[in-house]
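Student: Encoded as structure tokens, here's the structure I'll be asking about.
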Amino acid sequence: MGSTLFVTGATGFIGAALVERAVAEGSHVRALTRSAAAAARLRAGGAEPVLGDLAAPGAWTRAAASAGAVIHLAQPETFGARISQARAERYAALRLRMDRNLLEALGPDGVGRLVYVAGTSYYGPQGPPARDEDATPEPRGWGRHLAAAVDLLPAHAARGLPIVEAYPGWVYGPGSWFAEYFLRPLARGWRILAPRAPVRTVVPVHVEDAAAAVLHLATHGTPGRRYFVVDDRPSPWNELLALAAHALGRPLKLLPLPPFLYGLLVGPIIHESQGYDTVLTNARLRATGFTPRFPTIDQGVPDVVARWQSARRAAEGPAR
Ligand SMILES: NC(=O)c1ccc[n+]([C@@H]2O[C@H](COP(=O)([O-])OP(=O)(O)OC[C@H]3O[C@@H](n4cnc5c(N)ncnc54)[C@H](OP(=O)(O)O)[C@@H]3O)[C@@H](O)[C@H]2O)c1
């Protein structure tokens, strides 16, 4: 690619894969983090670390404003604990503040493109048949807590910011929610909590493809447009689980719970996320020339399980 990219969320689930790819492609990557230890790792990986906190304006704003393109992936903490309503509301308020500080630091004559990463939860229930980005959003789950931030984008576009909006689906990989809720419990032989309710269709995407697509949109996305970053084929959510169990060589043992109890245990956000069908097409993304490496979960989940197992083996060290 060749130009300077400023990446927020560079140490996150999607961001780490994106930075690695961008560096390998020859881009100069300015990677934002709040942590000195993460900054050292980013430098070792070939990026230029920028220390800063989006929650407050600071020196980082100059590194952002002078970049050729900005990819905004940073978000407040999500997974890693029960996601209560209060936690989700704190997320929404902090996300708004982080977005405002970044977007207000960027002038219309500066960046070539700003790729703003939201999520398909902003669209909520859609289809079948498959819907495209012009569908009317009905935010659900995390989407309710993204909506205020997404709704601010037109005002920034109106002052000339070239914003490309990316909406990844359920991003599965060897970290984040997929490792926390599926891979770790399955590998331990635990029963997986499940709502006793109709199994809904979701739009998965492999984390490597999500990262590659977002990076691709920084050069090939049209400002003012939205793009779904999802697999070729929507899937019932429990197929992700079944494929993961199969790849781990573990039996799939579900613990179906009444919706009320399930919601109490996993929190309202996760519960609502599994309560509706989302059937979306990636035709607009593909029309930009993007080709996913893992077009469906049949190819993607076994790859993720192999990566997760090899990372675990590496963390455990050589067998004695
Ligand atoms: N994961 C999914 O399944 C999924 C699905 C759909 C959409 N998305 C969207 O994709 C984007 C990236 O998600 P992700 O899961 O990759 O993120 P993540 O793993 O939760 O990582 C969050 C990132 O945000 C950074 N960050 C948090 N607070 C910050 C602050 N105050 N200042 C600067 N940086 C801050 C963290 O950096 P440091 O801690 O190093 O500072 C970290 O790199 C988000 O917008 C999310 O809504 C994700």
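Ordered as shown in the structure tokens, chains take letters A, B, and onward, while each chain numbers its residues from 1 and ligands are numbered from 1 in the order shown.
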Would you name the residues within 7 Å of ligand 1, counting only C-alpha atoms and all ligand atoms, and put them as number ranges by chain?
Tutor: A: 8-15, 32-35, 38, 52-55, 73-78, 98, 117-120, 167-172, 176-177
Student: With the cut-off set at 9 Å and counting only C-alpha atoms, tabulate each residue of range 62-93 of chain A with an atom at most that distance from an atom of range 213-231 of chain A, showing the nearest atom pair and its distance in Å to one decimal, ordered by chain and increasing number, as CSV.
Tutor:
```
residue,atom,partner,partner_atom,distance
A:Ala69,CA,A:Ala218,CA,6.6
A:Val70,CA,A:Ala218,CA,7.7
A:Ile71,CA,A:Ala218,CA,7.2
```
Student: May I have the residues from that selection written out with C-alpha atoms, as a PDB file, in the first residue's frame?
Tutor:
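To be explicit, this is the file written out as selection-v1.pdb:
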```
ATOM      1  CA  ALA A  69      -5.586   7.123   6.115  1.00  0.00           C
ATOM      2  CA  VAL A  70      -7.044   6.345   9.523  1.00  0.00           C
ATOM      3  CA  ILE A  71      -8.549   3.027  10.596  1.00  0.00           C
TER       4      ILE A  71
END
```
Student: Restricting the calculation to only C-alpha atoms, which member of A:Tyr123, A:Phe290, A:Tyr181, A:Trp190 is positioned closest to Arg250 in chain A?
Tutor: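 With only C-alpha atoms as the atom set, the closest residue is A:Trp190.
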Student: For Pro236 in chain A, work out the shell of residues within 10 Å, counting only C-alpha atoms and skipping chain neighbours fewer than 6 positions away, then give it as a ChimeraX atom specification.
Tutor: /A:198-204,274,277-278
Student: Just want the 12 Å neighbourhood of Gly175 in chain A, counted on only C-alpha atoms, with same-chain residues fewer than 3 positions away dropped. Output as a ChimeraX atom specification.
Tutor: /A:12-14,16-17,79-80,171-172,178-184,206-208,304-305,307-309,311-312
Student: What is the distance, in Å and to one decimal place, between CA of Glu272 in chain A and CA of Arg87 in chain A?
Tutor: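 Here the two named atoms are 15.0 Å from each other.
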Student: What is the distance between CA of Thr61 in chain A and CA of Arg113 in chain A, in Å to one decimal?
Tutor: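 For CA of Thr61 in chain A relative to CA of Arg113 in chain A, the distance reads 15.8 Å.
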Student: Rounded to one decimal place, report the CA of Trp142 in chain A-CA of Ser121 in chain A distance in Å.
Tutor: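 Those two atoms sit 6.0 Å apart.
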Student: Identify, with DSSP run on backbone atoms, the residues in range 77-178 of chain A assigned to strand (DSSP E or B), and express the list as JSON, numbers by chain.
Tutor: {"A": [113, 114, 115, 116, 117, 126, 127, 128, 129, 130, 131, 163, 164, 165, 166, 167, 168, 170, 171, 172]}
Student: Just to be explicit: take each residue in the selection above, keep C-alpha atoms, and write the result as a PDB file, in the first residue's frame.
Tutor:
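Listing of out_25.pdb after writing:
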```pdb
ATOM      1  CA  ARG A 113     -10.020   8.005   4.112  1.00  0.00           C
ATOM      2  CA  LEU A 114     -11.236   7.261   7.603  1.00  0.00           C
ATOM      3  CA  VAL A 115     -12.461   3.695   7.979  1.00  0.00           C
ATOM      4  CA  TYR A 116     -14.891   3.683  10.888  1.00  0.00           C
ATOM      5  CA  VAL A 117     -15.506   0.175  12.250  1.00  0.00           C
ATOM      6  CA  GLN A 126     -32.640  -8.497   8.919  1.00  0.00           C
ATOM      7  CA  GLY A 127     -33.888 -11.045   6.394  1.00  0.00           C
ATOM      8  CA  PRO A 128     -34.216 -13.621   5.070  1.00  0.00           C
ATOM      9  CA  PRO A 129     -33.880 -12.889   2.215  1.00  0.00           C
ATOM     10  CA  ALA A 130     -30.412 -11.420   2.513  1.00  0.00           C
ATOM     11  CA  ARG A 131     -30.338  -7.663   3.017  1.00  0.00           C
ATOM     12  CA  ILE A 163     -15.709   8.298   6.114  1.00  0.00           C
ATOM     13  CA  VAL A 164     -15.995   4.683   4.949  1.00  0.00           C
ATOM     14  CA  GLU A 165     -18.132   2.630   7.366  1.00  0.00           C
ATOM     15  CA  ALA A 166     -17.315  -1.057   7.957  1.00  0.00           C
ATOM     16  CA  TYR A 167     -19.808  -3.378   9.721  1.00  0.00           C
ATOM     17  CA  PRO A 168     -18.206  -6.701  10.704  1.00  0.00           C
ATOM     18  CA  TRP A 170     -19.670 -12.099  14.459  1.00  0.00           C
ATOM     19  CA  VAL A 171     -15.860 -11.977  14.225  1.00  0.00           C
ATOM     20  CA  TYR A 172     -14.576 -15.394  15.259  1.00  0.00           C
TER      21      TYR A 172
END
```
Student: Of the candidates A:Ala306, A:Tyr276, A:Tyr262, A:Arg284, which shows the shortest atom-to-atom distance to Ala247 in chain A, using only C-alpha atoms?
Tutor: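 Of A:Ala306, A:Tyr276, A:Tyr262, A:Arg284, the one nearest Ala247 in chain A, counting only C-alpha atoms, is A:Ala306.
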Student: Which is closest to Ala242 in chain A among A:Gly110, A:Pro302, A:Gly143, A:Pro258, if we use only C-alpha atoms?
Tutor: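 Closest to Ala242 in chain A of all the choices is A:Pro302.
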Student: I need the residues in range 217-259 of chain A that are helix (DSSP H, G or I) according to DSSP; give them as a VMD selection string.
Tutor: chain A and resid 217 to 220 237 to 248 259
